[in-house]
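J.: Okay, so here is run-v2.cif, and as you'll see once you scroll down, it has mmCIF, C-alpha atoms; chains and numbers go by the auth columns.
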data_coords
loop_
_atom_site.group_PDB
_atom_site.id
_atom_site.type_symbol
_atom_site.label_atom_id
_atom_site.label_comp_id
_atom_site.label_asym_id
_atom_site.label_seq_id
_atom_site.Cartn_x
_atom_site.Cartn_y
_atom_site.Cartn_z
_atom_site.B_iso_or_equiv
_atom_site.auth_seq_id
_atom_site.auth_asym_id
ATOM 1 C CA MET A 1 117.637 -119.615 20.275 0.00 18 X
ATOM 2 C CA THR A 2 116.466 -123.037 19.214 0.00 19 X
ATOM 3 C CA GLU A 3 117.177 -124.759 15.937 0.00 20 X
ATOM 4 C CA MET A 4 114.454 -126.223 13.762 0.00 21 X
ATOM 5 C CA SER A 5 113.677 -129.924 13.947 0.00 22 X
ATOM 6 C CA ARG A 6 114.848 -132.221 11.147 0.00 23 X
ATOM 7 C CA PHE A 7 111.255 -132.328 9.831 0.00 24 X
ATOM 8 C CA GLU A 8 111.052 -128.502 9.728 0.00 25 X
ATOM 9 C CA LYS A 9 114.428 -128.257 7.981 0.00 26 X
ATOM 10 C CA ASN A 10 113.432 -130.824 5.374 0.00 27 X
ATOM 11 C CA PHE A 11 110.135 -129.044 4.781 0.00 28 X
ATOM 12 C CA CYS A 12 111.721 -125.581 4.490 0.00 29 X
ATOM 13 C CA THR A 13 114.472 -126.729 2.134 0.00 30 X
ATOM 14 C CA GLY A 14 112.183 -128.755 -0.127 0.00 31 X
ATOM 15 C CA ARG A 15 111.195 -127.733 -3.636 0.00 32 X
ATOM 16 C CA MET A 16 107.477 -127.530 -2.830 0.00 33 X
ATOM 17 C CA TYR A 17 108.061 -125.061 -0.006 0.00 34 X
ATOM 18 C CA ARG A 18 110.458 -122.991 -2.100 0.00 35 X
ATOM 19 C CA ALA A 19 107.880 -122.723 -4.887 0.00 36 X
ATOM 20 C CA PHE A 20 105.123 -121.883 -2.401 0.00 37 X
ATOM 21 C CA ALA A 21 107.321 -119.260 -0.729 0.00 38 X
ATOM 22 C CA ARG A 22 108.357 -117.625 -3.981 0.00 39 X
ATOM 23 C CA ARG A 23 104.959 -117.593 -5.651 0.00 40 X
ATOM 24 C CA LEU A 24 102.579 -116.952 -2.765 0.00 41 X
ATOM 25 C CA ILE A 25 104.149 -116.074 0.575 0.00 42 X
ATOM 26 C CA VAL A 26 106.544 -113.336 -0.531 0.00 43 X
ATOM 27 C CA PRO A 27 104.018 -111.349 -2.600 0.00 44 X
ATOM 28 C CA TRP A 28 101.405 -111.654 0.172 0.00 45 X
ATOM 29 C CA ALA A 29 103.843 -110.576 2.900 0.00 46 X
ATOM 30 C CA LEU A 30 105.095 -107.575 0.909 0.00 47 X
ATOM 31 C CA ASP A 31 101.570 -106.427 0.036 0.00 48 X
ATOM 32 C CA GLY A 32 102.854 -104.249 -2.815 0.00 49 X
ATOM 33 C CA PHE A 33 105.833 -102.827 -0.891 0.00 50 X
ATOM 34 C CA ARG A 34 108.847 -102.226 -3.201 0.00 51 X
ATOM 35 C CA LEU A 35 112.236 -103.161 -1.796 0.00 52 X
ATOM 36 C CA THR A 36 115.379 -101.125 -2.427 0.00 53 X
ATOM 37 C CA GLY A 37 118.601 -100.558 -0.548 0.00 54 X
ATOM 38 C CA GLU A 38 120.103 -102.955 1.965 0.00 55 X
ATOM 39 C CA ALA A 39 117.921 -105.528 3.688 0.00 56 X
ATOM 40 C CA LEU A 40 118.495 -107.947 6.531 0.00 57 X
ATOM 41 C CA GLU A 41 116.538 -111.183 6.555 0.00 58 X
ATOM 42 C CA VAL A 42 116.436 -112.734 10.014 0.00 59 X
ATOM 43 C CA GLY A 43 115.846 -116.474 9.982 0.00 60 X
ATOM 44 C CA SER A 44 116.449 -116.917 6.265 0.00 61 X
ATOM 45 C CA GLY A 45 116.313 -120.707 6.406 0.00 62 X
ATOM 46 C CA SER A 46 116.947 -122.111 2.934 0.00 63 X
ATOM 47 C CA GLY A 47 117.237 -118.676 1.295 0.00 64 X
ATOM 48 C CA ALA A 48 114.063 -119.187 -0.767 0.00 65 X
ATOM 49 C CA MET A 49 112.529 -115.848 0.205 0.00 66 X
ATOM 50 C CA ALA A 50 115.785 -113.929 -0.306 0.00 67 X
ATOM 51 C CA ALA A 51 116.265 -115.497 -3.742 0.00 68 X
ATOM 52 C CA ARG A 52 112.768 -114.458 -4.808 0.00 69 X
ATOM 53 C CA LEU A 53 113.319 -110.912 -3.555 0.00 70 X
ATOM 54 C CA LEU A 54 116.694 -110.577 -5.260 0.00 71 X
ATOM 55 C CA ASN A 55 115.117 -111.763 -8.525 0.00 72 X
ATOM 56 C CA ASP A 56 112.227 -109.310 -8.243 0.00 73 X
ATOM 57 C CA PHE A 57 114.105 -106.244 -6.993 0.00 74 X
ATOM 58 C CA PRO A 58 117.396 -105.637 -8.843 0.00 75 X
ATOM 59 C CA GLU A 59 118.281 -102.624 -6.631 0.00 76 X
ATOM 60 C CA LEU A 60 118.109 -104.757 -3.480 0.00 77 X
ATOM 61 C CA ARG A 61 121.027 -106.164 -1.483 0.00 78 X
ATOM 62 C CA ILE A 62 120.352 -108.748 1.240 0.00 79 X
ATOM 63 C CA VAL A 63 122.233 -109.992 4.259 0.00 80 X
ATOM 64 C CA ALA A 64 120.545 -113.316 5.032 0.00 81 X
ATOM 65 C CA THR A 65 121.014 -114.686 8.551 0.00 82 X
ATOM 66 C CA ASP A 66 120.033 -117.806 10.411 0.00 83 X
ATOM 67 C CA TYR A 67 120.854 -119.368 13.764 0.00 84 X
ATOM 68 C CA ASP A 68 121.148 -122.866 12.317 0.00 85 X
ATOM 69 C CA ARG A 69 124.567 -123.341 10.707 0.00 86 X
ATOM 70 C CA GLU A 70 123.256 -126.106 8.437 0.00 87 X
ATOM 71 C CA LEU A 71 120.628 -123.728 7.029 0.00 88 X
ATOM 72 C CA VAL A 72 123.237 -120.966 6.678 0.00 89 X
ATOM 73 C CA ALA A 73 125.133 -123.314 4.333 0.00 90 X
ATOM 74 C CA VAL A 74 121.963 -124.129 2.360 0.00 91 X
ATOM 75 C CA SER A 75 121.099 -120.437 2.065 0.00 92 X
ATOM 76 C CA ALA A 76 124.637 -119.540 0.962 0.00 93 X
ATOM 77 C CA GLN A 77 124.386 -122.067 -1.850 0.00 94 X
ATOM 78 C CA SER A 78 120.925 -120.783 -2.869 0.00 95 X
ATOM 79 C CA LEU A 79 122.094 -117.168 -2.965 0.00 96 X
ATOM 80 C CA GLU A 80 125.479 -117.732 -4.631 0.00 97 X
ATOM 81 C CA PRO A 81 124.147 -116.802 -8.115 0.00 98 X
ATOM 82 C CA PHE A 82 123.418 -113.270 -6.852 0.00 99 X
ATOM 83 C CA GLY A 83 127.078 -112.512 -6.179 0.00 100 X
ATOM 84 C CA LYS A 84 127.806 -109.430 -4.087 0.00 101 X
ATOM 85 C CA ARG A 85 124.116 -108.536 -3.815 0.00 102 X
ATOM 86 C CA ALA A 86 123.697 -111.326 -1.249 0.00 103 X
ATOM 87 C CA SER A 87 125.679 -112.413 1.773 0.00 104 X
ATOM 88 C CA VAL A 88 124.834 -115.049 4.350 0.00 105 X
ATOM 89 C CA GLN A 89 125.953 -115.350 7.940 0.00 106 X
ATOM 90 C CA HIS A 90 125.211 -117.110 11.196 0.00 107 X
ATOM 91 C CA ALA A 91 123.367 -114.861 13.682 0.00 108 X
ATOM 92 C CA ASP A 92 121.054 -115.063 16.662 0.00 109 X
ATOM 93 C CA ALA A 93 117.955 -112.932 15.995 0.00 110 X
ATOM 94 C CA ALA A 94 117.843 -111.957 19.680 0.00 111 X
ATOM 95 C CA ALA A 95 121.434 -110.625 19.571 0.00 112 X
ATOM 96 C CA LEU A 96 122.078 -109.343 16.054 0.00 113 X
ATOM 97 C CA PRO A 97 125.772 -108.620 15.315 0.00 114 X
ATOM 98 C CA PHE A 98 125.064 -105.377 13.471 0.00 115 X
ATOM 99 C CA PRO A 99 125.281 -101.734 14.511 0.00 116 X
ATOM 100 C CA ASP A 100 122.229 -99.578 15.152 0.00 117 X
ATOM 101 C CA ASP A 101 120.590 -98.019 12.082 0.00 118 X
ATOM 102 C CA ARG A 102 122.340 -100.346 9.598 0.00 119 X
ATOM 103 C CA PHE A 103 119.530 -101.566 7.296 0.00 120 X
ATOM 104 C CA ASP A 104 116.836 -99.955 5.166 0.00 121 X
ATOM 105 C CA ILE A 105 114.614 -103.021 5.599 0.00 122 X
ATOM 106 C CA VAL A 106 114.457 -105.949 7.990 0.00 123 X
ATOM 107 C CA LEU A 107 112.544 -109.000 6.800 0.00 124 X
ATOM 108 C CA SER A 108 111.123 -111.727 9.018 0.00 125 X
ATOM 109 C CA PHE A 109 109.101 -114.500 7.428 0.00 126 X
ATOM 110 C CA ALA A 110 107.571 -116.844 10.035 0.00 127 X
ATOM 111 C CA MET A 111 110.646 -116.614 12.223 0.00 128 X
ATOM 112 C CA PHE A 112 109.816 -114.888 15.518 0.00 129 X
ATOM 113 C CA HIS A 113 107.862 -117.879 16.834 0.00 130 X
ATOM 114 C CA HIS A 114 111.088 -119.948 16.685 0.00 131 X
ATOM 115 C CA VAL A 115 112.897 -117.633 19.109 0.00 132 X
ATOM 116 C CA PRO A 116 112.440 -118.206 22.867 0.00 133 X
ATOM 117 C CA ASP A 117 113.125 -114.500 23.552 0.00 134 X
ATOM 118 C CA TRP A 118 111.045 -113.330 20.610 0.00 135 X
ATOM 119 C CA GLN A 119 110.432 -109.899 22.166 0.00 136 X
ATOM 120 C CA ARG A 120 114.192 -109.307 22.142 0.00 137 X
ATOM 121 C CA ALA A 121 114.357 -110.481 18.517 0.00 138 X
ATOM 122 C CA VAL A 122 111.649 -107.977 17.552 0.00 139 X
ATOM 123 C CA ALA A 123 113.476 -105.205 19.426 0.00 140 X
ATOM 124 C CA GLU A 124 116.767 -106.157 17.731 0.00 141 X
ATOM 125 C CA SER A 125 115.080 -106.034 14.321 0.00 142 X
ATOM 126 C CA VAL A 126 113.857 -102.517 15.030 0.00 143 X
ATOM 127 C CA ARG A 127 117.242 -101.471 16.480 0.00 144 X
ATOM 128 C CA VAL A 128 119.145 -102.248 13.280 0.00 145 X
ATOM 129 C CA LEU A 129 116.689 -100.305 11.093 0.00 146 X
ATOM 130 C CA ARG A 130 117.774 -96.928 9.763 0.00 147 X
ATOM 131 C CA PRO A 131 115.468 -94.017 10.540 0.00 148 X
ATOM 132 C CA GLY A 132 112.567 -94.331 8.118 0.00 149 X
ATOM 133 C CA GLY A 133 113.354 -98.021 7.557 0.00 150 X
ATOM 134 C CA MET A 134 110.750 -100.755 7.586 0.00 151 X
ATOM 135 C CA LEU A 135 110.323 -104.124 9.307 0.00 152 X
ATOM 136 C CA VAL A 136 108.280 -106.345 6.985 0.00 153 X
ATOM 137 C CA GLY A 137 107.062 -109.900 7.324 0.00 154 X
ATOM 138 C CA TYR A 138 104.618 -112.246 8.948 0.00 155 X
ATOM 139 C CA ASP A 139 104.372 -114.798 11.716 0.00 156 X
ATOM 140 C CA LEU A 140 102.010 -117.504 12.813 0.00 157 X
ATOM 141 C CA SER A 141 101.863 -117.726 16.581 0.00 158 X
ATOM 142 C CA ARG A 142 101.610 -115.407 19.574 0.00 159 X
ATOM 143 C CA LEU A 143 99.713 -113.087 17.255 0.00 160 X
ATOM 144 C CA ARG A 144 98.188 -110.849 19.923 0.00 161 X
ATOM 145 C CA GLN A 145 101.456 -110.577 21.807 0.00 162 X
ATOM 146 C CA LEU A 146 103.457 -109.910 18.626 0.00 163 X
ATOM 147 C CA GLU A 147 101.004 -107.279 17.486 0.00 164 X
ATOM 148 C CA ALA A 148 101.189 -105.572 20.899 0.00 165 X
ATOM 149 C CA GLU A 149 104.999 -105.730 20.934 0.00 166 X
ATOM 150 C CA LEU A 150 105.239 -104.167 17.485 0.00 167 X
ATOM 151 C CA ARG A 151 103.015 -101.310 18.602 0.00 168 X
ATOM 152 C CA ARG A 152 104.864 -100.895 21.936 0.00 169 X
ATOM 153 C CA LEU A 153 108.265 -100.295 20.370 0.00 170 X
ATOM 154 C CA LEU A 154 109.295 -96.765 19.512 0.00 171 X
ATOM 155 C CA VAL A 155 108.205 -96.867 15.899 0.00 172 X
ATOM 156 C CA HIS A 156 106.407 -94.405 13.678 0.00 173 X
ATOM 157 C CA GLU A 157 103.679 -96.710 12.437 0.00 174 X
ATOM 158 C CA ALA A 158 102.807 -100.383 12.841 0.00 175 X
ATOM 159 C CA ARG A 159 100.367 -101.810 10.311 0.00 176 X
ATOM 160 C CA THR A 160 99.219 -105.352 10.923 0.00 177 X
ATOM 161 C CA ARG A 161 96.704 -107.624 9.262 0.00 178 X
ATOM 162 C CA ARG A 162 95.489 -111.039 10.284 0.00 179 X
ATOM 163 C CA SER A 163 94.827 -113.603 7.579 0.00 180 X
ATOM 164 C CA LEU A 164 93.846 -117.236 7.059 0.00 181 X
ATOM 165 C CA GLY A 165 91.281 -117.294 9.834 0.00 182 X
ATOM 166 C CA CYS A 166 93.558 -115.293 12.146 0.00 183 X
ATOM 167 C CA LEU A 167 96.366 -117.872 11.854 0.00 184 X
ATOM 168 C CA LEU A 168 98.860 -115.431 10.325 0.00 185 X
ATOM 169 C CA LEU A 169 99.841 -111.885 11.185 0.00 186 X
ATOM 170 C CA ARG A 170 101.362 -109.750 8.427 0.00 187 X
ATOM 171 C CA PHE A 171 103.210 -106.660 9.605 0.00 188 X
ATOM 172 C CA GLN A 172 104.860 -103.559 8.198 0.00 189 X
ATOM 173 C CA VAL A 173 106.515 -101.354 10.804 0.00 190 X
ATOM 174 C CA THR A 174 108.200 -98.003 10.113 0.00 191 X
#
Please lay out the structure from this file as structure tokens.

T.:
Amino acid sequence: MTEMSRFEKNFCTGRMYRAFARRLIVPWALDGFRLTGEALEVGSGSGAMAARLLNDFPELRIVATDYDRELVAVSAQSLEPFGKRASVQHADAAALPFPDDRFDIVLSFAMFHHVPDWQRAVAESVRVLRPGGMLVGYDLSRLRQLEAELRRLLVHEARTRRSLGCLLLRFQVT
């Protein structure tokens, strides 16, 4: 897996992005879906999305992961106020260190396009879902291939929606 460039890190850890993520991206990506139980966020970056979700859903617990150790540290600091409801760890999305059927929800916000073996990362996200769990998020490249991969996996239902002139793909997979 590749790490983000310095420019991408600065952008994703900046206050403007955090505000944009919390106010616009998270509500759009969830599309009314209510989060409860234990969630895994793959590619959590600065922790902005996880912080918003933990604020909005008091029954939610999140394990936030990222491949970049610098961003893991930033995310840990961002999520510290949530105590035991949030934990942060280093992980490769294409080789998640969790057992099968571990999480109620897996969240991926514009992360799959950063992973060279993105198909494996999608498969890993589905693998760690409990039966009846949901993979929720969006991405912004390889849209046709990602949409096809989501539908190819052994899942119950894959709902996708393209937005912003077909630049983004929102997905909810059960």

J.: Provide the CA of Asp83 (chain X) to CA of Val105 (chain X) distance in Å, to one decimal place.

T.: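 CA of Val105 (chain X) lies 8.2 Å from CA of Asp83 (chain X).
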
J.: Can you work out which one of X:Gly54, X:Pro44, X:Gly49, X:Gly62 has the shortest atom-to-atom distance to Asp85 (chain X), counting all atoms listed in the file?

T.: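 Among the listed residues, X:Gly62 lies closest to Asp85 (chain X).
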
J.: Have a look at X:Arg39, X:Arg144, X:Pro133, X:Leu47 and name the one nearest to Thr177 (chain X); count only C-alpha atoms.

T.: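 Among the listed residues, the smallest separation from Thr177 (chain X) belongs to X:Leu47.
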
J.: Please compute the CA of Glu174 (chain X)-CA of Val59 (chain X) distance, one decimal, in Å.

T.: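 Calculated distance between CA of Glu174 (chain X) and CA of Val59 (chain X) is 20.6 Å.
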
J.: Which residues, named as in the file, does the PyMOL selection byres ((chain X and resi 164) around 10) pick out? Answer as a list in words.

T.: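 With the shown file as input, the PyMOL selection byres ((chain X and resi 164) around 10) matches Arg159, Leu160, Arg161, Gln162, Leu163, Ala165, Glu166, Leu167, Arg168, Arg169, Ala175, Arg176, Thr177, Arg178, Arg179, Leu186, Arg187 and Phe188 of chain X.
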
J.: Excluding region 68-81 of chain X and its own-chain neighbours fewer than 5 positions away, which residues fall within 9 Å of it when counting all atoms listed in the file? Please give them as a ChimeraX atom specification.

T.: /X:38-40,43,51-62,89,92-93,95-96,99,101-107

J.: Write out as AutoDock Vina command-line options an axis-aligned box for region 90-106 of chain X: all of its atoms listed in the file, 5 Å added on each side, centre and edge lengths in Å with one decimal.

T.:
--center_x 124.4 --center_y -116.3 --center_z -0.1 --size_x 16.9 --size_y 25.6 --size_z 26.1

J.: Given all atoms listed in the file as the basis, pick out the residue of X:Met66, X:Arg119, X:Phe50, X:Ala108 nearest to Val190 (chain X).

T.: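 Result for the nearest residue to Val190 (chain X): X:Phe50.
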
J.: Tell me which of X:Ala65, X:Ala127, X:Met151, X:Ala110 sits closest to Leu88 (chain X), counting all atoms listed in the file.

T.: X:Ala65

J.: Ranking X:Tyr84, X:Arg32, X:Pro116, X:Ala67 by minimum distance to Val145 (chain X) and counting only C-alpha atoms, which one comes first?

T.: X:Pro116

J.: To one decimal place, how far is CA of Phe120 (chain X) from CA of Arg147 (chain X) in Å?

T.: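 Taking CA of Phe120 (chain X) as the start and CA of Arg147 (chain X) as the end point, the length is 5.5 Å.
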
J.: Have a look at X:Phe126, X:Trp135, X:Phe37, X:Tyr155 and name the one nearest to Ala112 (chain X); count only C-alpha atoms.

T.: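 The closest residue to Ala112 (chain X) is X:Trp135.
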